[in-house]
Structures are given as C-alpha cells and as structure tokens.
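Let me begin by presenting the structure, written as structure tokens, before commenting on it.
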Amino acid sequence: MSVWTIEPRDPLVVRDGRPNQGRSESAARAFPLPSTIAGVVRTRLGLGIDGVFARTSADELAALRAVAVRGPWLVEPDTGTVYAPTPADLALLADAERRTIAALSPAPMAAPLLADEGLPGELVPVWAHRHEREGKAKGPPAFLRWDAFARWLARPGRRAGEDADSILQGAIDALPRESRLHVQVGEHATAEDGMLFETEGLRFVHPDTRAPLALAVEVDDAAAAKVGSLREGLAPMGGKRRLVRWTRATRPLPEVPEPVLNRAGLGDTGSRVRVLLLTPALFDEGWRPRLSPGAPLGPAEGVTGVRLVAACVGRPLAISGWDLAKQQPKRIRRAVPAGSVYWLELTGPPAARRAWVQRVWAKAVSDAEEDRRDGFGVAAIGNVLEEGGAA
C-alpha cells in the first residue's frame, strides 16, 4: 500500500446529495466520504496521457473497482500530523473555570433506560457512570491530533484542567466553510435574470493556526498497477472541478499503540477492546457489525469468540451517489458515522488476541467486500475503561 496526500488549493465542494430543487444553495458535507475519495483515485488511475478517461472496457472497469482504497484521513502535509475523528465515548464538560473530559463506558444501570423492552442482544448501556457531573455538556471537537487520540486509545478516563487541555490541544472543531455566489450565463454571454445559485466548499486549513490541511489515502499498489499509475501534480476534484495537488507521502500512517497491543494480551482466556471507526462504516444490520467467523471483526488468528458488549453510535449518514455505468442514482444507504465506538469481548489465548488486534488495526471492517475496498469502516483499536476509572 502506498500513501498519497490530496491537498485542495481551493474550497473543496463535496455535496451531501440532496437535490437543489426549491433552493439556490448546495449543502456540503462536513468531510468527504470514503467512496468520494475511492472514485477520485480510480478515475485518476483510468486517465490516459491526454487527461481523458480511457479505461472503458468491462475488464478495465472491473480492474479499477478492484483497487482497494483506505481513507481518507485528515493530515497536515507539511508536518505529517494526522487528525482522527473524535471518539463518541469522549464527553466534554465545560464551566467558567476549566474543561473536564469524561469517558463513556458500558455498565449496568440500577433502573434500566428501556425497562420494558431492554437493549437488543443483551447489550449493556453506555454512560458516564463513574464521574460526577462538572459543568454543562459541550459538543466535542470534530478531530483530535493523533498524539492525543492515541493517548485516549491507550488510557480512556476522566481528565480535568491541564490534563484535559492536553487532549484538546490542536483539536479542530470543524473545517472552515466558504460560500461562493454564481450566476447562469445565457447564450449571449450575459447573466440570466434571477438565475443565481450558491455553492459551499470546505477550506482545508486549520481554523486556529491556519496551517494547510490535506487528505491522506492508502492505495493498493498491486491492484492499481494492473490498470494505470497515480501521478503527482494538479488535478480537478469534486463539484465545480476545484484543483487539488497529488503528492506521494513519505510518512506512513500511525501503527497500533504498544499499550493497546499489550493490554489485549492480558488475561489467560479473554479480554475486552474498543473498536473506534476512523471512517464511516456500512453494515448489513444497520448500526451493528457482523461478528461471525469470516467477518472482518469475527473470530480469527486463534481467537475463538467475539461478543458485542456495548456500542456508542452517532446519527446515521445518508449515502448515495451516481452510477456512471447505469447512468442513474445509487440507492440510499445509512452509514455508521466515523467516531462511533464498539466494545468487544475477545476469547482466546493472549497471543491470538494480540494477533487479532494487529489484523484489524487500520483495516476496513464493513460487512461487504466492495464497501471495504471503498474504505468504509477503517478501524482503530483501544483499551477499555476498567472499574475504578482507569484504563
């Protein structure tokens, strides 16, 4: 796998797919979808030397669809700093004096929330049961710096004051948005009366430091070599064909933190881990991944059993697109958003559990193989919060 950075020079227009009938503006997504980046990568692979898409035969199109893409991640191209979506089990509380971070974790409740129906599959509710409430709940940032994210993977738990600030330092609330007004030009090269419309784009700069940001993506070199080659340089991307710069990255994406790998092997017969989604995921059962043998998160590498203990899942993302082969819209599907967290219980010997973590780390865990090739459901692994509030 090779790593590429895609750095937008202009506000990147990535629409959410809703039609423009009845309104003059286009709504933009907060971050590009994996399928958007996969389509951009495969389109660039299929270009001829004249810049026109040349891979049009059935075999060539099948070979392009077989190219696996993982990502996108948000990065600083100059420093190589990676940003990860803020985990859903991180709760931010703020008052006039200081900020406090609480960790959500699964634990039984004396009075169940769903007393009549219960939770599906004997799942345990997730809540901040070990922490006193300090201040009002505040929405957490959208992205954390990787060093802070890695600390949260290894040691989730309550943090206050400077300790909380160290996790939130350099975090990004949201990518800046810019709107541009356009007008329809008539046959005489003059503006049509009343034909105004607006586009909204994402500006890839850090909102606080103004440092340039880019998208990082991993591409399967072996599959890509069968149909073409990615080239560095400028190219259009997204709506209005805004320019981006392609660059081969020299820094690898982060590896699994050693404390997480070591913790997974503790215990003679089993242990618990957290699976955190770095990109949106698509599962056959909606929010719930398959854990049967042969599934990406299922038993393997000597692990004899995987059980879902709890889940902290955000609002679903509606995903569609345009089918170029059939010249029609794709069906709408609901994806689990990035940042969602699953608590899993692994059964098996210590070495097998460590091997399972290494196999799943930074791999796509969506149920369907095609969705995994598109980069949906790239996962990170973290430790769980134990009794007493320590990881």
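How things are named: the first chain in the structure tokens is A, the next is B, and so on; residues count from 1 in each chain; ligands count from 1 in the order shown.
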
Run DSSP on the backbone and give me the residues of region 212-313 of chain A it puts in strand (DSSP E), as a count of residues only.
34

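Every protein or nucleic acid residue with an atom no more than 8 Å from Lys138 (chain A), counting only C-alpha atoms and leaving out same-chain residues fewer than 4 positions away, appears here: A:Ala91, A:Leu92, A:Leu93, A:Ala94.
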
Give me, as a PyMOL selection string, all polymer residues having an atom no more than 9 Å from Ala311 (chain A), counting only C-alpha atoms and skipping those fewer than 5 positions away in the same chain.
chain A and resi 106+123-126+287-288+340-344

Expressed in Å to a single decimal, how great is the separation between CA of Pro32 (chain A) and CA of Leu64 (chain A)?
20.2 Å

Interface rows for region 177-210 of chain A against region 1-12 of chain A: nearest pair, Å to one decimal, 8 Å, only C-alpha atoms, as a tab-separated table:
```
residue	atom	partner	partner_atom	distance
A:Arg177	CA	A:Pro11	CA	7.6
A:Glu178	CA	A:Pro11	CA	6.7
A:Glu200	CA	A:Pro11	CA	8.0
A:Gly201	CA	A:Pro11	CA	4.6
A:Leu202	CA	A:Pro11	CA	4.8
A:Arg203	CA	A:Pro11	CA	4.5
A:Phe204	CA	A:Pro8	CA	6.6
```

Using only C-alpha atoms, I'd like a table of the residues in region 58-103 of chain A that come within 8 Å of region 146-163 of chain A; for each, show the closest atom pair and its distance in Å rounded to one decimal, ordered by chain and ascending number, as a Markdown table.
```
| residue | atom | partner | partner_atom | distance |
| --- | --- | --- | --- | --- |
| A:Thr81 | CA | A:Trp146 | CA | 7.0 |
| A:Val82 | CA | A:Trp146 | CA | 5.3 |
| A:Tyr83 | CA | A:Trp146 | CA | 5.2 |
| A:Ala84 | CA | A:Trp146 | CA | 6.1 |
| A:Thr86 | CA | A:Phe149 | CA | 7.6 |
| A:Arg98 | CA | A:Gly161 | CA | 5.6 |
| A:Arg99 | CA | A:Gly161 | CA | 5.9 |
| A:Thr100 | CA | A:Ala160 | CA | 4.3 |
| A:Ile101 | CA | A:Arg159 | CA | 5.0 |
| A:Ala102 | CA | A:Arg158 | CA | 4.6 |
| A:Ala103 | CA | A:Gly157 | CA | 5.0 |
```
